[in-house]
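Written below as structure tokens is the structure these notes are about.
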Amino acid sequence: RKMETLLVCSVLCIVFGSSKPTERKTRVHEEEPLSNLEHDDKKNFDYDHEAFLGHDEAKTFEQLPPEESKRRLSIIVDRIDSNKDGFVSEDELKVWIKDAQRKHIYDSVEGQWSDFDINNDGLISWDEYKNATYGNSLDDFQGDSHYNYSQLIWREERRFRAADTNGDMIADKQEFTAFLHPEDHEHMKDVVVQETIEDIDKNGDGFIDLQEYIGDMYVSHGDEEPEWVATERQQFAEFRDKNQDGKMDKEETLDWILPTDYDHAEAEAKHLLHESDLGDKTRQEVGNRHIGISKQEGKH
């Protein structure tokens with residue numbers, strides 16, 4: 001019964017994703033904020049703590065005595081130093097911050113893992129996922145003419161194949177994470193773009209024109225058009241349709257839904273290294289100087 005519920009949820013996500021809502025919606029995949037706190041080092045370093053540790057872990061560290069905080073941070077910084085050269089590079093720190101930023105995603109995958117790993121071998125095959133999600137439930141929907149469920153399965157299999165980097169149709173944790181959250185993985189961008197175009201492209205030409213673009217966000221019921229609709233028309237003409245051919249192709253759609261104009265994790269990594277005045281400082285000094293023990297109240 002639980003799997004039937006998952007199936008219904010999956011279908012509803014696709015159906016409502018491809019229908020015309022009455023209120024504005026966005027398909028832009030924004031990065032999760034590193035922290036919802038104000039970033040002002042002149043006041044405190046709470047933003048940096050959450051960016052470095054994640055919200056929950058930062059709260060835990062606030063309750064620790066200075067020596068225990070220092071001990072745990074030493075362990076963390078050792079983990080950040082992936083090449084074990086005794087130094088923390090900007091790239092290593094960026095990877096760590098991104099992982100902290102995506103912790104909610106990893107937790108979500110962990111929470112669903114046992115539902116699909118039917119044989120408990122630590123892996124999820126496409127057949128396991130399909131059987132656990134659909135099973136015999138499709139028989140209950142065969143009379144439903146509102147949606148093509150075989151198309152839904154095909155679409156999910158295509159995404160699974162894209163996430164399955166070694167091509168064996170068996171997903172480990174990393175591959176299954178990419179399957180469930182494709183917008184956060186570089187090698188999944190093509191399938192995210194393809195799914196978006198398929199949802200919005202009503203005339204089947206493989207592009208998104210202005211009417212389809214607006215229609216995905218808003219449908220008129222004869223009342224006065226909201227001001228934001230005119231703004232979106234202008235956005236489409238001036239920024240979305242870069243080559244001015246009246247429609248968005250795959251590259252233009254990618255720029256729209258997965259903007260890459262600013263990397264928050266990279267900016268924070270640069271900030272932490274700069275504020276720590278690292279230069280050639282060792283990994284121990286990363287924890288002690290900026291993330292670890294403060295000069296006031298025993299902790300940073």
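For the structure tokens, the naming scheme is as follows: chains receive sequential letters (A, B, ...) according to their order of presentation, residues are indexed from 1 within each chain, and ligands are indexed from 1 in presentation order.
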Which stretch 126-238 of chain A residues have any atom within 12 Å of an atom of stretch 89-106 of chain A, and for each, what is the nearest pair of atoms with distance in Å to one decimal, counting only C-alpha atoms, rows sorted by chain and number, as a tab-separated table?
```
residue	atom	partner	partner_atom	distance
A:Lys173	CA	A:Tyr106	CA	8.9
A:Gln174	CA	A:Tyr106	CA	9.1
A:Glu175	CA	A:Tyr106	CA	11.7
A:Phe176	CA	A:Tyr106	CA	10.2
A:Thr177	CA	A:Tyr106	CA	7.2
A:Ala178	CA	A:Ile105	CA	10.0
A:Phe179	CA	A:Ile105	CA	11.6
A:Leu180	CA	A:Ile105	CA	9.0
A:His181	CA	A:Ile105	CA	7.6
A:Pro182	CA	A:Ile105	CA	11.0
A:Glu183	CA	A:Ile105	CA	11.4
A:Asp184	CA	A:Arg102	CA	8.7
A:His185	CA	A:Arg102	CA	11.2
```
Next item on the list: Could you give me, as a VMD selection string, the residues within 12 Å of A:Pro259, counting only C-alpha atoms and dropping anything in the same chain fewer than 4 positions from it?
Entry: chain A and resid 27 to 31 183 to 184 189 240 251 to 255 263
Next item on the list: Mind listing the alpha helix (DSSP H) residues of stretch 5-193 of chain A, per DSSP on the backbone, as a PyMOL selection string?
Entry: chain A and resi 5-18+46-53+55-62+66-80+90-101+103-116+126-133+149-163+173-180+189-193
Item checked: Among listed residues A:Asp172, A:Tyr149, A:His271, A:Ala162, nearest A:Gln194 (using only C-alpha atoms) -> A:Ala162
Next item on the list: In Å, rounded to a single decimal, give me how far atom CA of A:Glu32 is from atom CA of A:Gln235.
Entry: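 We find that atom CA of A:Gln235 and atom CA of A:Glu32 lie 23.5 Å from each other.
Within 10 Å of stretch 201-206 of chain A there are Ser18, Gln194, Glu195, Thr196, Ile197, Glu198, Asp209, Gln211, Glu212, Tyr213, Gly215, Asp216, Lys247, Met248, Asp249 and Lys250 of chain A, counting only C-alpha atoms and ignoring same-chain residues fewer than 3 positions away.
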Selection export as a compact mmCIF listing (two decimals), in the first residue's frame, atoms kept: N, CA, C and O atoms:
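The result, written out as result_34.txt:
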```txt
# COMPACT_ATOMS: atom_id res chain seq x y z
N SER A 18 3.08 19.46 -15.39
CA SER A 18 2.83 19.73 -16.80
C SER A 18 1.50 20.44 -17.02
O SER A 18 1.12 20.69 -18.15
N GLN A 194 15.66 18.01 -20.52
CA GLN A 194 14.75 17.26 -21.38
C GLN A 194 13.38 17.10 -20.73
O GLN A 194 12.34 17.29 -21.38
N GLU A 195 13.36 16.78 -19.45
CA GLU A 195 12.08 16.63 -18.75
C GLU A 195 11.32 17.95 -18.70
O GLU A 195 10.10 17.98 -18.85
N THR A 196 12.04 19.04 -18.50
CA THR A 196 11.40 20.35 -18.44
C THR A 196 10.77 20.72 -19.77
O THR A 196 9.62 21.18 -19.83
N ILE A 197 11.52 20.51 -20.85
CA ILE A 197 10.99 20.81 -22.18
C ILE A 197 9.77 19.95 -22.47
O ILE A 197 8.75 20.44 -22.99
N GLU A 198 9.83 18.67 -22.13
CA GLU A 198 8.70 17.78 -22.38
C GLU A 198 7.46 18.23 -21.61
O GLU A 198 6.33 18.10 -22.10
N ASP A 209 8.29 27.98 -26.65
CA ASP A 209 8.03 29.32 -27.17
C ASP A 209 7.42 30.19 -26.07
O ASP A 209 7.17 29.73 -24.96
N GLN A 211 4.44 31.52 -25.67
CA GLN A 211 3.12 31.11 -25.20
C GLN A 211 3.23 29.93 -24.23
O GLN A 211 2.55 29.89 -23.20
N GLU A 212 4.09 28.98 -24.55
CA GLU A 212 4.27 27.82 -23.69
C GLU A 212 4.95 28.22 -22.38
O GLU A 212 4.62 27.70 -21.31
N TYR A 213 5.90 29.12 -22.48
CA TYR A 213 6.64 29.60 -21.30
C TYR A 213 5.68 30.26 -20.31
O TYR A 213 5.69 29.95 -19.11
N GLY A 215 2.34 30.05 -20.38
CA GLY A 215 1.27 29.11 -20.07
C GLY A 215 1.63 28.12 -18.99
O GLY A 215 0.76 27.60 -18.29
N ASP A 216 2.92 27.84 -18.82
CA ASP A 216 3.36 26.93 -17.77
C ASP A 216 3.24 27.57 -16.39
O ASP A 216 3.12 26.88 -15.38
N LYS A 247 11.99 31.25 -29.36
CA LYS A 247 11.79 30.03 -28.58
C LYS A 247 13.09 29.67 -27.86
O LYS A 247 14.18 30.13 -28.25
N MET A 248 12.97 28.88 -26.82
CA MET A 248 14.13 28.44 -26.07
C MET A 248 14.52 27.03 -26.49
O MET A 248 13.70 26.11 -26.49
N ASP A 249 15.80 26.85 -26.83
CA ASP A 249 16.31 25.52 -27.11
C ASP A 249 16.85 24.91 -25.83
O ASP A 249 16.67 25.45 -24.74
N LYS A 250 17.53 23.78 -25.92
CA LYS A 250 18.01 23.08 -24.73
C LYS A 250 19.02 23.91 -23.94
O LYS A 250 18.99 23.95 -22.71
```
Next item on the list: From a DSSP calculation on the backbone, collect every residue of stretch 57-251 of chain A in strand (DSSP E) and output the set as number ranges by chain.
Entry: A: 124-125, 170-171, 208-209, 247-248
Next item on the list: Could you tell me how far atom CA of A:Thr231 lies from atom CA of A:Tyr218, in Å and to one decimal?
Entry: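 Pair atom CA of A:Thr231 / atom CA of A:Tyr218 returns 12.5 Å.
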Notebook entry, point to check: Which is closer to A:Ile170 than all the others in A:Asp40, A:Asp223, A:Asp245, A:Glu128, using only C-alpha atoms?
Noted result: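 Of A:Asp40, A:Asp223, A:Asp245, A:Glu128, the one nearest A:Ile170 is A:Glu128, counting only C-alpha atoms.
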